[in-house]
Each structure stands twice: as structure tokens, then as C-alpha cells.
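Remarks on the structure that follows.
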Amino acid sequence: MSPNTCWLCKIFRAEEKGISSKLSLEEVLQWSQSFDKLITSKYGPTIYKTYLKTEHSDENIEFWLACEAYKKITSQRKRISVARKLFTHYIQPQAPNEINIDSPVRNAITRNIQEATQSCFDEAQRIIYMHMERDSYPRFLESNFYQKLKHSLQTHGNNSTVN
């Protein structure tokens, strides 16, 4: 077993708990058509997050997904609570999972956090989307991680596990 296969197996088994058996080749192939198809598919965000962990940049997809969930919150009280958590976890300087956004955007969020509107993280989310689409997404498509997953499904179909 090659070293590349070994790390892939360990990550996949530890993080995805059998998702490989649920993936279809069609879904995995669609991920290469556009970044949007990847992050809006059923299993794409989970697989992409696992890949981003290998690059130590999984905070990007975590933030993006958290923003998607945040926008669906209808209770103002809950929105304020979640907004504060997003701020302390991703936005404030030296946050545990600080995302790469510029100072004007960070400052605008800092000013607007008290209102916690549904759109207060939109600009930061847009920037993170662009970072992922331009930087890590092309590397993901070229990675051994994605190539081995695709090859495994092409070779063994949905009844295989990635090993």
C-alpha cells in the first residue's frame, strides 16, 4: 500500500464514517464541473472539508457552511447569539479559526454585529467562497485525494470503500 493511499484511508475512515459507500460516481464527477456543484451537492462539502484539513484550511468551508445556516435563522435572539459565536470563532483577530478577510470587511462586521442582520456576514462569506474557488478547489481537483476517490468509484462502483 502506498503512503498516499494510507493517509487517504485513515482520513476517510476517521472523518467520513462510510460516506464513500454512499457516493455515486456521477456526483463525484460533477464536482469537477464547478465549485458551486461541489459545495451544494449532498456529500461534496464533507469530502471537501476533509481535503481542506490536509491543507490546514478547513476553517474556510466551516465558516461558509456556518454562514449558510446562519442565514436561515428566523429568531432575532438566536441570530444574535450565533452571530457572536461566528465572530469570536472566525472573525475577530486571533480567533481560534480566523479566516482570511481584509480589515475593512472585518471592521464592518465588528460594527454591525450588534444588529446581527441575516446579511451581516455576506461579504466575508463571499470573500471566503472566492478564496476556496480560486485557491483550494483547483488543488482539490488535482489532488491524490480526489483522484483516488474518483478512480475507486470508476473501478469498483458504489460498493467500494476507498483503500
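By convention in this document, the chains of the C-alpha cells carry letters A, B, ... by their order, each chain's residues are numbered from 1, and ligands are numbered from 1 in the order they are shown.
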
At a cut-off of 9 Å, can you tabulate as JSON lines every residue of region 1-116 of chain A near region 130-152 of chain A together with its closest atom pair and the distance in Å to one decimal, using only C-alpha atoms and ordering rows by chain then number?
```
{"residue": "A:Asn4", "atom": "CA", "partner": "A:Asn144", "partner_atom": "CA", "distance": 7.2}
{"residue": "A:Thr5", "atom": "CA", "partner": "A:Lys148", "partner_atom": "CA", "distance": 8.0}
{"residue": "A:Leu8", "atom": "CA", "partner": "A:Phe145", "partner_atom": "CA", "distance": 6.4}
{"residue": "A:Ser20", "atom": "CA", "partner": "A:Leu149", "partner_atom": "CA", "distance": 8.1}
{"residue": "A:Leu25", "atom": "CA", "partner": "A:Lys150", "partner_atom": "CA", "distance": 6.8}
{"residue": "A:Val28", "atom": "CA", "partner": "A:Lys150", "partner_atom": "CA", "distance": 6.5}
{"residue": "A:Leu29", "atom": "CA", "partner": "A:Lys150", "partner_atom": "CA", "distance": 7.3}
{"residue": "A:Trp31", "atom": "CA", "partner": "A:Leu141", "partner_atom": "CA", "distance": 8.3}
{"residue": "A:Ser32", "atom": "CA", "partner": "A:Leu141", "partner_atom": "CA", "distance": 6.5}
{"residue": "A:Ser34", "atom": "CA", "partner": "A:Glu133", "partner_atom": "CA", "distance": 8.7}
{"residue": "A:Phe35", "atom": "CA", "partner": "A:Glu133", "partner_atom": "CA", "distance": 5.9}
{"residue": "A:Asp36", "atom": "CA", "partner": "A:Glu133", "partner_atom": "CA", "distance": 8.5}
{"residue": "A:Ile47", "atom": "CA", "partner": "A:Tyr146", "partner_atom": "CA", "distance": 8.8}
{"residue": "A:Tyr48", "atom": "CA", "partner": "A:Phe140", "partner_atom": "CA", "distance": 7.6}
{"residue": "A:Tyr51", "atom": "CA", "partner": "A:Phe140", "partner_atom": "CA", "distance": 6.9}
{"residue": "A:Leu52", "atom": "CA", "partner": "A:Ser136", "partner_atom": "CA", "distance": 7.6}
{"residue": "A:Glu55", "atom": "CA", "partner": "A:Ser136", "partner_atom": "CA", "distance": 8.4}
{"residue": "A:Ser57", "atom": "CA", "partner": "A:Ser136", "partner_atom": "CA", "distance": 8.7}
{"residue": "A:Asn60", "atom": "CA", "partner": "A:Met132", "partner_atom": "CA", "distance": 7.3}
{"residue": "A:Ile61", "atom": "CA", "partner": "A:Met132", "partner_atom": "CA", "distance": 8.0}
{"residue": "A:Asn100", "atom": "CA", "partner": "A:His131", "partner_atom": "CA", "distance": 8.6}
```

Saved selection, atoms kept: N, CA and C atoms, as a PDB file, in the first residue's frame:
```
ATOM      1  N   ASN A   4       0.414   7.404   0.000  1.00  0.00           N
ATOM      2  CA  ASN A   4      -0.734   8.249  -0.339  1.00  0.00           C
ATOM      3  C   ASN A   4      -2.051   7.546  -0.034  1.00  0.00           C
ATOM      4  N   THR A   5      -2.123   6.268  -0.349  1.00  0.00           N
ATOM      5  CA  THR A   5      -3.335   5.515  -0.071  1.00  0.00           C
ATOM      6  C   THR A   5      -3.551   5.416   1.430  1.00  0.00           C
ATOM      7  N   LEU A   8      -4.907   8.586   2.927  1.00  0.00           N
ATOM      8  CA  LEU A   8      -6.257   8.780   2.422  1.00  0.00           C
ATOM      9  C   LEU A   8      -7.235   7.876   3.163  1.00  0.00           C
ATOM     10  N   SER A  20     -18.060   7.025   1.667  1.00  0.00           N
ATOM     11  CA  SER A  20     -17.610   6.527   0.367  1.00  0.00           C
ATOM     12  C   SER A  20     -18.574   5.497  -0.205  1.00  0.00           C
ATOM     13  N   LEU A  25     -20.568   7.856  -8.525  1.00  0.00           N
ATOM     14  CA  LEU A  25     -19.576   8.370  -9.461  1.00  0.00           C
ATOM     15  C   LEU A  25     -20.094   9.642 -10.121  1.00  0.00           C
ATOM     16  N   VAL A  28     -19.518  12.620  -7.815  1.00  0.00           N
ATOM     17  CA  VAL A  28     -18.088  12.951  -7.713  1.00  0.00           C
ATOM     18  C   VAL A  28     -17.585  13.605  -8.999  1.00  0.00           C
ATOM     19  N   LEU A  29     -18.037  13.135 -10.146  1.00  0.00           N
ATOM     20  CA  LEU A  29     -17.620  13.733 -11.424  1.00  0.00           C
ATOM     21  C   LEU A  29     -18.189  15.145 -11.580  1.00  0.00           C
ATOM     22  N   TRP A  31     -18.483  17.321  -9.368  1.00  0.00           N
ATOM     23  CA  TRP A  31     -17.688  18.263  -8.578  1.00  0.00           C
ATOM     24  C   TRP A  31     -16.636  18.968  -9.420  1.00  0.00           C
ATOM     25  N   SER A  32     -16.171  18.309 -10.475  1.00  0.00           N
ATOM     26  CA  SER A  32     -15.138  18.935 -11.311  1.00  0.00           C
ATOM     27  C   SER A  32     -15.726  19.958 -12.286  1.00  0.00           C
ATOM     28  N   SER A  34     -17.855  22.528 -11.478  1.00  0.00           N
ATOM     29  CA  SER A  34     -17.810  23.861 -10.871  1.00  0.00           C
ATOM     30  C   SER A  34     -17.699  23.724  -9.359  1.00  0.00           C
ATOM     31  N   PHE A  35     -17.145  24.761  -8.753  1.00  0.00           N
ATOM     32  CA  PHE A  35     -17.041  24.784  -7.305  1.00  0.00           C
ATOM     33  C   PHE A  35     -18.425  24.780  -6.672  1.00  0.00           C
ATOM     34  N   ASP A  36     -19.363  25.483  -7.292  1.00  0.00           N
ATOM     35  CA  ASP A  36     -20.724  25.528  -6.763  1.00  0.00           C
ATOM     36  C   ASP A  36     -21.346  24.136  -6.713  1.00  0.00           C
ATOM     37  N   ILE A  47     -16.668  15.948   1.980  1.00  0.00           N
ATOM     38  CA  ILE A  47     -15.437  15.458   1.356  1.00  0.00           C
ATOM     39  C   ILE A  47     -14.436  16.602   1.197  1.00  0.00           C
ATOM     40  N   TYR A  48     -14.921  17.753   0.761  1.00  0.00           N
ATOM     41  CA  TYR A  48     -14.058  18.925   0.569  1.00  0.00           C
ATOM     42  C   TYR A  48     -13.458  19.372   1.900  1.00  0.00           C
ATOM     43  N   TYR A  51     -10.608  17.176   2.725  1.00  0.00           N
ATOM     44  CA  TYR A  51      -9.426  17.579   1.951  1.00  0.00           C
ATOM     45  C   TYR A  51      -8.802  18.839   2.547  1.00  0.00           C
ATOM     46  N   LEU A  52      -9.622  19.838   2.870  1.00  0.00           N
ATOM     47  CA  LEU A  52      -9.086  21.093   3.411  1.00  0.00           C
ATOM     48  C   LEU A  52      -8.337  20.876   4.721  1.00  0.00           C
ATOM     49  N   GLU A  55      -4.830  20.509   4.145  1.00  0.00           N
ATOM     50  CA  GLU A  55      -4.183  21.791   3.833  1.00  0.00           C
ATOM     51  C   GLU A  55      -4.218  22.748   5.020  1.00  0.00           C
ATOM     52  N   SER A  57      -6.790  24.273   6.201  1.00  0.00           N
ATOM     53  CA  SER A  57      -7.630  25.433   5.881  1.00  0.00           C
ATOM     54  C   SER A  57      -9.115  25.082   5.921  1.00  0.00           C
ATOM     55  N   ASN A  60     -12.258  27.562   6.361  1.00  0.00           N
ATOM     56  CA  ASN A  60     -12.953  28.243   5.269  1.00  0.00           C
ATOM     57  C   ASN A  60     -14.312  27.614   4.978  1.00  0.00           C
ATOM     58  N   ILE A  61     -14.335  26.316   4.765  1.00  0.00           N
ATOM     59  CA  ILE A  61     -15.612  25.664   4.477  1.00  0.00           C
ATOM     60  C   ILE A  61     -16.499  25.653   5.719  1.00  0.00           C
ATOM     61  N   ASN A 100      -9.339  34.444   6.497  1.00  0.00           N
ATOM     62  CA  ASN A 100      -8.535  35.458   5.820  1.00  0.00           C
ATOM     63  C   ASN A 100      -9.440  36.457   5.097  1.00  0.00           C
TER      64      ASN A 100
END
```

Quiz prompt | Shell of 7 Å around Ala116 (chain A), only C-alpha atoms, local chain residues under 4 positions omitted, as a ChimeraX atom specification | solution = /A:79-80,83,112,120

Go ahead and write the residues just picked, N, CA and C atoms, as a PDB file, in the first residue's frame.
```pdb
ATOM      1  N   ARG A  79     -30.251  34.534  16.361  1.00  0.00           N
ATOM      2  CA  ARG A  79     -29.326  35.100  15.382  1.00  0.00           C
ATOM      3  C   ARG A  79     -28.218  35.895  16.078  1.00  0.00           C
ATOM      4  N   ILE A  80     -28.568  36.682  17.081  1.00  0.00           N
ATOM      5  CA  ILE A  80     -27.570  37.469  17.822  1.00  0.00           C
ATOM      6  C   ILE A  80     -26.570  36.536  18.506  1.00  0.00           C
ATOM      7  N   ALA A  83     -24.405  34.918  15.803  1.00  0.00           N
ATOM      8  CA  ALA A  83     -23.522  35.935  15.222  1.00  0.00           C
ATOM      9  C   ALA A  83     -22.307  36.171  16.117  1.00  0.00           C
ATOM     10  N   ASN A 112     -21.353  46.007  12.759  1.00  0.00           N
ATOM     11  CA  ASN A 112     -22.721  45.546  12.507  1.00  0.00           C
ATOM     12  C   ASN A 112     -23.153  44.354  13.358  1.00  0.00           C
ATOM     13  N   CYS A 120     -25.213  40.158   7.676  1.00  0.00           N
ATOM     14  CA  CYS A 120     -24.021  40.808   8.245  1.00  0.00           C
ATOM     15  C   CYS A 120     -22.714  40.066   7.930  1.00  0.00           C
TER      16      CYS A 120
END
```

Quiz item: Among chain A, which residues carry a DSSP assignment of alpha helix (DSSP H), reported as a ChimeraX atom specification?
Solution: /A:3-16,25-30,35-40,44-54,59-71,76-86,103-112,122-131,137-142,144-156
